[in-house]
>>> print(open('data.cif').read())   # mmCIF, C-alpha atoms
data_run
loop_
_atom_site.label_atom_id
_atom_site.label_comp_id
_atom_site.auth_asym_id
_atom_site.auth_seq_id
_atom_site.Cartn_x
_atom_site.Cartn_y
_atom_site.Cartn_z
CA GLY A 137 -3.47 14.43 -20.73
CA MET A 138 -5.83 16.83 -18.92
CA GLU A 139 -3.38 19.68 -19.50
CA GLU A 140 -3.55 18.90 -23.21
CA GLY A 141 -7.36 19.23 -23.14
CA LEU A 142 -8.31 15.60 -22.57
CA ASN A 143 -11.57 15.19 -20.63
CA ALA A 144 -10.49 13.11 -17.65
CA VAL A 145 -11.09 12.77 -13.96
CA ILE A 146 -8.75 11.21 -11.41
CA VAL A 147 -10.04 8.98 -8.65
CA ASN A 148 -7.87 7.76 -5.81
CA PRO A 149 -9.58 4.85 -4.08
CA GLY A 150 -8.55 3.43 -0.76
CA VAL A 151 -8.27 -0.33 -0.28
CA ILE A 152 -10.98 -1.67 -2.58
CA LEU A 153 -13.09 -4.43 -1.06
CA GLY A 154 -14.91 -6.76 -3.43
CA SER A 155 -15.75 -10.35 -4.21
CA GLY A 156 -13.56 -12.68 -6.25
CA PHE A 157 -9.81 -12.72 -6.78
CA TRP A 158 -9.49 -13.99 -3.23
CA ASN A 159 -5.78 -14.79 -3.48
CA SER A 160 -4.50 -11.46 -4.75
CA GLY A 161 -4.69 -7.82 -3.83
CA SER A 162 -7.32 -6.84 -1.30
CA GLY A 163 -9.05 -10.20 -1.78
CA ARG A 164 -6.39 -11.52 0.57
CA VAL A 165 -8.15 -9.59 3.33
CA PHE A 166 -10.59 -12.51 3.29
CA SER A 167 -8.45 -15.48 2.27
CA GLY A 168 -5.74 -14.43 4.71
CA MET A 169 -8.23 -14.68 7.56
CA LYS A 170 -9.63 -18.11 6.72
CA ASN A 171 -7.90 -19.56 9.80
CA GLY A 172 -8.35 -16.52 12.00
CA ALA A 173 -5.69 -14.01 12.87
CA PRO A 174 -3.62 -14.10 16.06
CA PHE A 175 -1.81 -10.82 15.28
CA TYR A 176 -2.72 -7.27 14.33
CA PHE A 177 -0.87 -4.09 13.41
CA GLU A 178 -1.14 -0.59 14.85
CA GLY A 179 -1.84 1.30 11.63
CA GLY A 180 -4.86 1.82 9.47
CA THR A 181 -6.07 3.18 6.15
CA GLY A 182 -9.11 4.07 4.08
CA TYR A 183 -11.41 1.40 2.62
CA VAL A 184 -14.05 1.51 -0.09
CA ASP A 185 -16.42 -1.04 -1.63
CA VAL A 186 -15.82 -1.85 -5.31
CA ARG A 187 -19.45 -0.97 -6.05
CA ASP A 188 -18.85 2.56 -4.75
CA VAL A 189 -15.79 2.92 -6.96
CA THR A 190 -17.69 1.94 -10.10
CA ARG A 191 -20.79 3.99 -9.23
CA THR A 192 -18.89 7.17 -8.45
CA MET A 193 -16.79 6.85 -11.60
CA ARG A 194 -19.94 6.36 -13.70
CA LEU A 195 -21.67 9.33 -12.04
CA LEU A 196 -18.65 11.57 -12.60
CA MET A 197 -18.63 10.70 -16.31
CA GLU A 198 -22.40 11.05 -16.71
CA ARG A 199 -22.31 14.48 -15.10
CA ASN A 200 -19.34 15.56 -17.23
CA ILE A 201 -17.18 16.30 -14.22
CA PHE A 202 -13.64 16.58 -15.54
CA ARG A 203 -10.27 18.01 -14.55
CA GLU A 204 -10.78 17.09 -10.90
CA ARG A 205 -9.29 14.61 -8.44
CA PHE A 206 -11.40 12.72 -5.90
CA VAL A 207 -10.57 10.47 -2.95
CA LEU A 208 -12.85 7.42 -2.89
CA VAL A 209 -12.97 6.16 0.68
CA SER A 210 -15.99 5.07 2.63
CA GLU A 211 -14.28 4.94 6.02
CA ASN A 212 -10.89 5.12 7.65
CA LEU A 213 -10.35 2.08 9.88
CA SER A 214 -7.51 0.67 11.90
CA PHE A 215 -6.16 -2.61 10.55
CA LYS A 216 -7.31 -4.25 13.78
CA LYS A 217 -10.90 -3.07 13.27
CA CYS A 218 -10.88 -4.32 9.67
CA ILE A 219 -9.48 -7.71 10.70
CA ASP A 220 -12.02 -7.92 13.54
CA LEU A 221 -14.87 -7.35 11.07
CA VAL A 222 -13.54 -9.95 8.62
CA THR A 223 -12.89 -12.63 11.24
CA LYS A 224 -16.37 -12.07 12.70
CA VAL A 225 -18.05 -12.62 9.32
CA LEU A 226 -15.92 -15.70 8.70
CA GLY A 227 -16.63 -17.05 12.18
CA LYS A 228 -12.94 -17.08 13.09
CA LYS A 229 -10.92 -15.90 16.07
CA ALA A 230 -10.09 -12.20 16.09
CA PRO A 231 -6.51 -11.07 16.73
CA THR A 232 -5.37 -10.36 20.27
CA GLN A 233 -1.61 -9.80 19.94
CA LYS A 234 -0.10 -6.65 18.49
CA ILE A 235 2.96 -7.13 16.24
CA SER A 236 5.70 -4.61 16.85
CA ASN A 237 7.56 -2.71 14.16
CA TRP A 238 10.88 -4.48 14.78
CA VAL A 239 9.32 -7.91 14.12
CA LEU A 240 8.17 -6.82 10.67
CA LYS A 241 11.56 -5.27 9.96
CA CYS A 242 13.16 -8.65 10.78
CA ILE A 243 10.71 -10.48 8.50
CA SER A 244 11.45 -8.03 5.70
CA PHE A 245 15.21 -8.44 6.16
CA ILE A 246 15.01 -12.25 6.22
CA GLU A 247 12.81 -12.37 3.12
CA ALA A 248 15.09 -9.97 1.24
CA SER A 249 18.15 -12.00 2.24
CA ILE A 250 16.61 -15.28 1.06
CA ALA A 251 15.42 -13.67 -2.18
CA SER A 252 18.91 -12.33 -2.93
CA VAL A 253 20.47 -15.83 -2.94
CA SER A 254 17.62 -17.93 -4.34
CA ASN A 255 14.59 -17.94 -6.60
CA TYR A 256 12.37 -17.10 -3.63
CA LYS A 257 10.05 -14.22 -4.38
CA SER A 258 9.42 -11.94 -1.45
CA LYS A 259 5.75 -11.99 -0.42
CA PHE A 260 5.84 -8.61 1.25
CA ALA A 261 7.60 -5.48 0.10
CA LYS A 262 9.50 -3.72 2.87
CA GLU A 263 7.41 -0.59 2.28
CA LEU A 264 4.19 -2.60 2.62
CA LEU A 265 5.28 -4.17 5.89
CA LEU A 266 6.40 -0.89 7.40
CA GLY A 267 3.21 0.79 6.12
CA LEU A 268 1.23 -1.45 8.44
CA PHE A 269 2.22 0.91 11.26
CA ASP A 270 1.06 4.10 9.56
CA LEU A 271 -2.36 5.47 10.33
CA ASN A 272 -3.39 7.06 7.04
CA GLU A 273 -6.67 8.92 7.03
CA TYR A 274 -8.38 10.17 3.90
CA ASP A 275 -11.09 12.78 3.39
CA ASN A 276 -14.04 11.85 1.15
CA SER A 277 -15.97 15.10 1.63
CA LYS A 278 -15.25 16.42 -1.89
CA ILE A 279 -16.82 13.43 -3.70
CA LYS A 280 -19.72 13.25 -1.24
CA LYS A 281 -20.49 16.94 -1.76
CA THR A 282 -19.97 16.92 -5.54
CA LEU A 283 -22.24 13.92 -6.16
CA ASP A 284 -24.41 14.07 -3.02
CA TYR A 285 -23.20 10.51 -2.52
CA GLU A 286 -23.36 8.13 0.43
CA PHE A 287 -20.91 5.26 0.55
CA ILE A 288 -21.67 1.67 1.53
CA SER A 289 -20.47 1.18 5.11
CA ILE A 290 -17.35 -0.93 5.43
CA SER A 291 -19.04 -3.25 7.92
CA LYS A 292 -21.79 -3.95 5.34
CA SER A 293 -19.21 -4.34 2.57
CA ILE A 294 -17.15 -6.82 4.60
CA GLU A 295 -20.27 -8.73 5.61
CA GLU A 296 -21.51 -9.11 2.02
CA HIS A 297 -18.13 -9.94 0.47
CA GLY A 298 -17.29 -12.22 3.38
CA GLU A 299 -20.49 -14.16 2.73
CA ASN A 300 -19.51 -14.41 -0.95
CA TYR A 301 -16.09 -15.69 0.10
CA ILE A 302 -17.68 -18.38 2.29
CA LYS A 303 -19.96 -19.46 -0.60
CA THR A 304 -17.03 -19.55 -3.03
CA ILE A 305 -14.68 -21.66 -0.92
CA ALA A 306 -17.35 -24.03 0.42
#
>>> encode(input="data.cif", output="structure tokens")
Amino acid sequence: GMEEGLNAVIVNPGVILGSGFWNSGSGRVFSGMKNGAPFYFEGGTGYVDVRDVTRTMRLLMERNIFRERFVLVSENLSFKKCIDLVTKVLGKKAPTQKISNWVLKCISFIEASIASVSNYKSKFAKELLLGLFDLNEYDNSKIKKTLDYEFISISKSIEEHGENYIKTIA
């Protein structure tokens, strides 16, 4: 569309953290930790608060910034660090045991096998499971420079949304 003259901007957010929808998408970061987490994974990725996503998109439109692509990430964190922050806010036990790649490959194989002979729907895509070992880091310098923008820290985001989760499920 942009090549046809459409005024558009592309934003590529990391894992978006927000309140609500606790049982789907990134909301499962909170609901999945309601009993603590004994295991963690080696990888990591970029995270961003939903409020930052909406604010930066609004600012880009208000300032008529088009035909650009921006990475929306507040911080790059290991999955262990993210889980540690969530379990702390929820008052649960943080993970202490690292899961190895071959364990997740076995889980993926078993789930795919069961799904192929039954109505069972796989909970985890093979690519998602194996992606838990990748350490993906993203650069937010372009959006920060363009908008002179400071992101909400992920620890603050997790604290606030974690408190909302506690209020919602109580």
>>> atom_distance(input="data.cif", atom1="CA of Ile279 in chain A", atom2="CA of Ser293 in chain A")
19.0 Å
>>> residues_around(input="data.cif", residues="range 176-181 of chain A", least_positions_apart="5", cutoff="8 Å", atoms="only C-alpha atoms", output="list in words")
Gly150, Val151, Asn212, Leu213, Ser214, Phe215, Lys216, Ile219, Pro231, Thr232, Gln233, Lys234, Ile235, Ser236, Gly267, Leu268, Phe269, Asp270, Leu271, Asn272, Glu273 and Tyr274 of chain A
>>> closest_residue(input="data.cif", among="A:Val239, A:Val165, A:Val209, A:Val189", to="Ser289 in chain A", atoms="all atoms listed in the file")
A:Val209
>>> closest_residue(input="data.cif", among="A:Ser155, A:Asn276, A:Asn171, A:Thr192", to="Lys229 in chain A", atoms="only C-alpha atoms")
A:Asn171
>>> residues_around(input="data.cif", residues="Pro149 in chain A", least_positions_apart="6", cutoff="10 Å", atoms="only C-alpha atoms", output="ChimeraX atom specification")
/A:182-186,188-189,206-210,274,276
>>> atom_distance(input="data.cif", atom1="CA of Gly172 in chain A", atom2="CA of Arg187 in chain A")
26.3 Å
>>> closest_residue(input="data.cif", among="A:Thr304, A:Cys218, A:Thr223, A:Lys281", to="Ser162 in chain A", atoms="all atoms listed in the file")
A:Cys218
>>> axis_aligned_box(input="data.cif", around="range 247-255 of chain A", padding_each_side="5 Å", output="JSON")
{"center_x": 16.6, "center_y": -14.0, "center_z": -1.7, "size_x": 17.7, "size_y": 18.0, "size_z": 19.7}
>>> atom_distance(input="data.cif", atom1="CA of Asn159 in chain A", atom2="CA of Thr190 in chain A")
21.6 Å
>>> closest_residue(input="data.cif", among="A:Arg164, A:Arg203, A:Lys170, A:Lys224", to="Glu140 in chain A", atoms="all atoms listed in the file")
A:Arg203
>>> closest_residue(input="data.cif", among="A:Val253, A:Ala144, A:Ile302, A:Ile288", to="Asn200 in chain A", atoms="all atoms listed in the file")
A:Ala144
>>> closest_residue(input="data.cif", among="A:Trp158, A:Phe202, A:Phe245, A:Trp238", to="Asn300 in chain A", atoms="all atoms listed in the file")
A:Trp158
